[in-house]
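Working notes, beginning with the structure itself.
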Amino acid sequence: MESGGTPRSPEDVFRDFRARRAGMIKALTTDVEKFYQQCDPEKENLCLYGLPNETWEVNLPAEEVPPELPEPALGINFARDGMDEKDWLSLVAVHSDAWLLAVAFYFGARFGFDKESRKRLFVMINNLPTIYEVVTGTAKKQTKEKTPKSSSKSNKSGTKPEPNSRVSKMPPPKDEDDSGGEEDEEEEDHENTLCGSCGDNYGQDEFWICCDACETWFHGKCVKITPAKAEHIKHYKCPNCSGSSKRARA
């Protein structure tokens with residue numbers, strides 16, 4: 001993010017934060033097989049970078065001192081084979097969260113944010129689940145605790161992202177005569193559902209699919225599954241579960 005000679009707003013920095021976060025979440029979830037392979041312990045110190053275009057890369061740290069931006073945790077590849085895979089991914093997730101905050105508040109200092117601007121930035125960041133929460137499923141567990149009505153699983157297709165419907169589309173229009181009540185509560189529950197790939201909440205006019213192995217919900221676009229394709233899938237496994245199965249057999 002270049003300053004371009006003009007002050008940047010907390011919203012600009014938050015968009016940068018959210019894009020980098022989305023890229024890192026992809027690396028640790030939907031692209032985990034590729035990420036795992038790139039983190040070869042035989043290579044030099046490697047870092048995981050989230051990029052402003054919602055992609056990620058594993059690369060060597062910047063050579064310039066001091067670097068243009070704060071640097072991520074160094075040498076994440078060295079611990080790959082010495083730890084349980086889930087523990088290793090969780091560790092990388094924690095360091096990724098720390099790096100994202102460092103970058104965001106580096107921009108805040110660089111662009112001269114005052115107390116209120118820094119507070120506004122932190123509130124926006126804090127409304128998103130951390131990468132660690134997404135990777136470990138903590139965010140999903142917290143959502144389930146808030147939505148006890150969505151604990152069963154039955155229908156194949158539905159109108160909202162509930163654990164009782166594996167394939168989901170946008171919600172139907174509300175009945176004008178309905179004063180709110182239970183449907184309003186359910187709508188609020190569905191809005192708390194988080195995508196296992198990008199970590200964003202449920203939104204209208206979005207197609208979702210649930211992994212039959214880990215029961216995590218995903219935007220169809222995040223896992224490259226269309227509604228038409230989903231209709232022919234009997235048991236869907238997300239990239240994370242599919243990748244873990246392949247490595248276990250190797």
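Ligands are numbered from 1 in the order shown, residues from 1 within each chain, and chains are lettered A, B, ... in the order they appear in the structure tokens.
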
Backbone DSSP call of alpha helix (DSSP H) for segment 4-91 of chain A, listed as a compact mmCIF listing (two decimals) with N, CA and C atoms, in the first residue's frame:
# COMPACT_ATOMS: atom_id res chain seq x y z
N PRO A 10 -8.54 4.67 8.08
CA PRO A 10 -8.58 3.35 8.73
C PRO A 10 -9.28 2.32 7.85
N GLU A 11 -10.26 2.75 7.05
CA GLU A 11 -10.97 1.83 6.16
C GLU A 11 -10.04 1.30 5.07
N ASP A 12 -9.14 2.15 4.58
CA ASP A 12 -8.16 1.70 3.58
C ASP A 12 -7.25 0.64 4.17
N VAL A 13 -6.76 0.91 5.37
CA VAL A 13 -5.85 -0.03 6.02
C VAL A 13 -6.58 -1.33 6.35
N PHE A 14 -7.85 -1.22 6.76
CA PHE A 14 -8.61 -2.42 7.06
C PHE A 14 -8.83 -3.27 5.82
N ARG A 15 -9.08 -2.64 4.66
CA ARG A 15 -9.23 -3.41 3.42
C ARG A 15 -7.95 -4.16 3.08
N ASP A 16 -6.81 -3.50 3.32
CA ASP A 16 -5.53 -4.15 3.10
C ASP A 16 -5.36 -5.33 4.06
N PHE A 17 -5.72 -5.12 5.33
CA PHE A 17 -5.65 -6.16 6.35
C PHE A 17 -6.51 -7.36 5.95
N ARG A 18 -7.75 -7.08 5.55
CA ARG A 18 -8.69 -8.15 5.22
C ARG A 18 -8.23 -8.96 4.00
N ALA A 19 -7.64 -8.27 3.02
CA ALA A 19 -7.16 -8.96 1.82
C ALA A 19 -5.97 -9.85 2.15
N ARG A 20 -5.01 -9.33 2.92
CA ARG A 20 -3.85 -10.14 3.30
C ARG A 20 -4.30 -11.33 4.15
N ARG A 21 -5.24 -11.09 5.04
CA ARG A 21 -5.77 -12.15 5.90
C ARG A 21 -6.43 -13.25 5.07
N ALA A 22 -7.21 -12.86 4.05
CA ALA A 22 -7.88 -13.83 3.19
C ALA A 22 -6.86 -14.72 2.49
N GLY A 23 -5.76 -14.11 2.03
CA GLY A 23 -4.72 -14.89 1.36
C GLY A 23 -4.08 -15.90 2.30
N MET A 24 -3.79 -15.49 3.53
CA MET A 24 -3.14 -16.38 4.49
C MET A 24 -4.09 -17.51 4.93
N ILE A 25 -5.37 -17.19 5.04
CA ILE A 25 -6.34 -18.22 5.39
C ILE A 25 -6.42 -19.26 4.28
N LYS A 26 -6.36 -18.83 3.03
CA LYS A 26 -6.35 -19.77 1.91
C LYS A 26 -5.14 -20.71 2.01
N ALA A 27 -3.98 -20.14 2.34
CA ALA A 27 -2.77 -20.96 2.45
C ALA A 27 -2.92 -22.05 3.50
N LEU A 28 -3.60 -21.74 4.60
CA LEU A 28 -3.70 -22.66 5.72
C LEU A 28 -4.96 -23.52 5.70
N VAL A 32 -3.89 -25.73 1.56
CA VAL A 32 -2.95 -26.26 2.55
C VAL A 32 -1.98 -27.28 1.96
N GLU A 33 -2.42 -28.07 0.97
CA GLU A 33 -1.53 -29.06 0.36
C GLU A 33 -0.35 -28.37 -0.33
N LYS A 34 -0.66 -27.34 -1.08
CA LYS A 34 0.39 -26.58 -1.78
C LYS A 34 1.30 -25.88 -0.78
N PHE A 35 0.70 -25.30 0.25
CA PHE A 35 1.47 -24.61 1.29
C PHE A 35 2.41 -25.58 2.00
N TYR A 36 1.90 -26.75 2.33
CA TYR A 36 2.69 -27.77 3.02
C TYR A 36 3.92 -28.15 2.19
N GLN A 37 3.72 -28.34 0.91
CA GLN A 37 4.82 -28.74 0.03
C GLN A 37 5.86 -27.65 -0.11
N GLN A 38 5.43 -26.40 -0.13
CA GLN A 38 6.37 -25.29 -0.31
C GLN A 38 7.22 -25.05 0.93
N GLU A 85 0.81 -32.04 12.21
CA GLU A 85 0.45 -31.07 11.17
C GLU A 85 -0.52 -30.02 11.68
N LYS A 86 -1.54 -30.42 12.43
CA LYS A 86 -2.51 -29.46 12.93
C LYS A 86 -1.86 -28.47 13.88
N ASP A 87 -0.95 -28.97 14.72
CA ASP A 87 -0.26 -28.07 15.66
C ASP A 87 0.63 -27.09 14.91
N TRP A 88 1.28 -27.59 13.86
CA TRP A 88 2.16 -26.72 13.06
C TRP A 88 1.35 -25.63 12.36
N LEU A 89 0.24 -26.01 11.75
CA LEU A 89 -0.62 -25.03 11.08
C LEU A 89 -1.17 -24.01 12.07
N SER A 90 -1.51 -24.47 13.29
CA SER A 90 -2.00 -23.55 14.32
C SER A 90 -0.93 -22.56 14.73
N LEU A 91 0.32 -23.05 14.82
CA LEU A 91 1.44 -22.17 15.18
C LEU A 91 1.66 -21.11 14.10

(message) I want to know what sits within 12 Å of Lys229 of chain A, based on only C-alpha atoms, with residues of the same chain fewer than 4 positions away left out; could you give that as a ChimeraX atom specification?
(response) /A:167,207,209,220-221,223-225,233-234,236

(message) Would you pick out the contacts of Leu69 of chain A at 12 Å or less, using only C-alpha atoms, so that residues sharing its chain but fewer than 2 positions from it are not included, and give the list as a PyMOL selection string?
(response) chain A and resi 1-2+49+51+61-67+71-72+99-107+109-110

(message) Please list as a list in words every residue within 9 Å of Asp40 of chain A, counting only C-alpha atoms and excluding residues in the same chain fewer than 2 positions away.
(response) Tyr36, Gln37, Gln38, Glu42, Lys43, Glu44, Leu46, Asn77, Phe78, Arg80 and Asp81 of chain A

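Nearest residue to Cys241 of chain A among A:Thr226, A:Asn45, A:Thr216, A:Asn201 is A:Thr216, counting only C-alpha atoms.
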
(message) From the options A:Ile76, A:Val135, A:Asp97, A:Gly108, which residue's atoms come nearest to Thr29 of chain A, counting only C-alpha atoms?
(response) A:Val135

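Proximity of A:His235, A:Cys210, A:Gly196, A:Glu68 to Thr138 of chain A, computed with only C-alpha atoms, is greatest for A:Gly196.
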
Could you name the residues that touch Leu48 of chain A at 7 Å or less, counting only C-alpha atoms, but leaving out those on the same chain fewer than 4 positions away, as a compact mmCIF listing (two decimals) with C-alpha atoms, in the first residue's frame?
# COMPACT_ATOMS: atom_id res chain seq x y z
CA GLU A 57 3.31 -16.71 -1.02
CA VAL A 58 6.04 -18.56 0.83
CA ASN A 59 9.32 -16.75 0.36
CA PRO A 72 6.40 -12.39 9.31

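Among the candidates A:Pro70, A:Pro239, A:Gly75, A:Pro129, the residue lying nearest to Ala213 of chain A is A:Pro239 (atoms considered: only C-alpha atoms).
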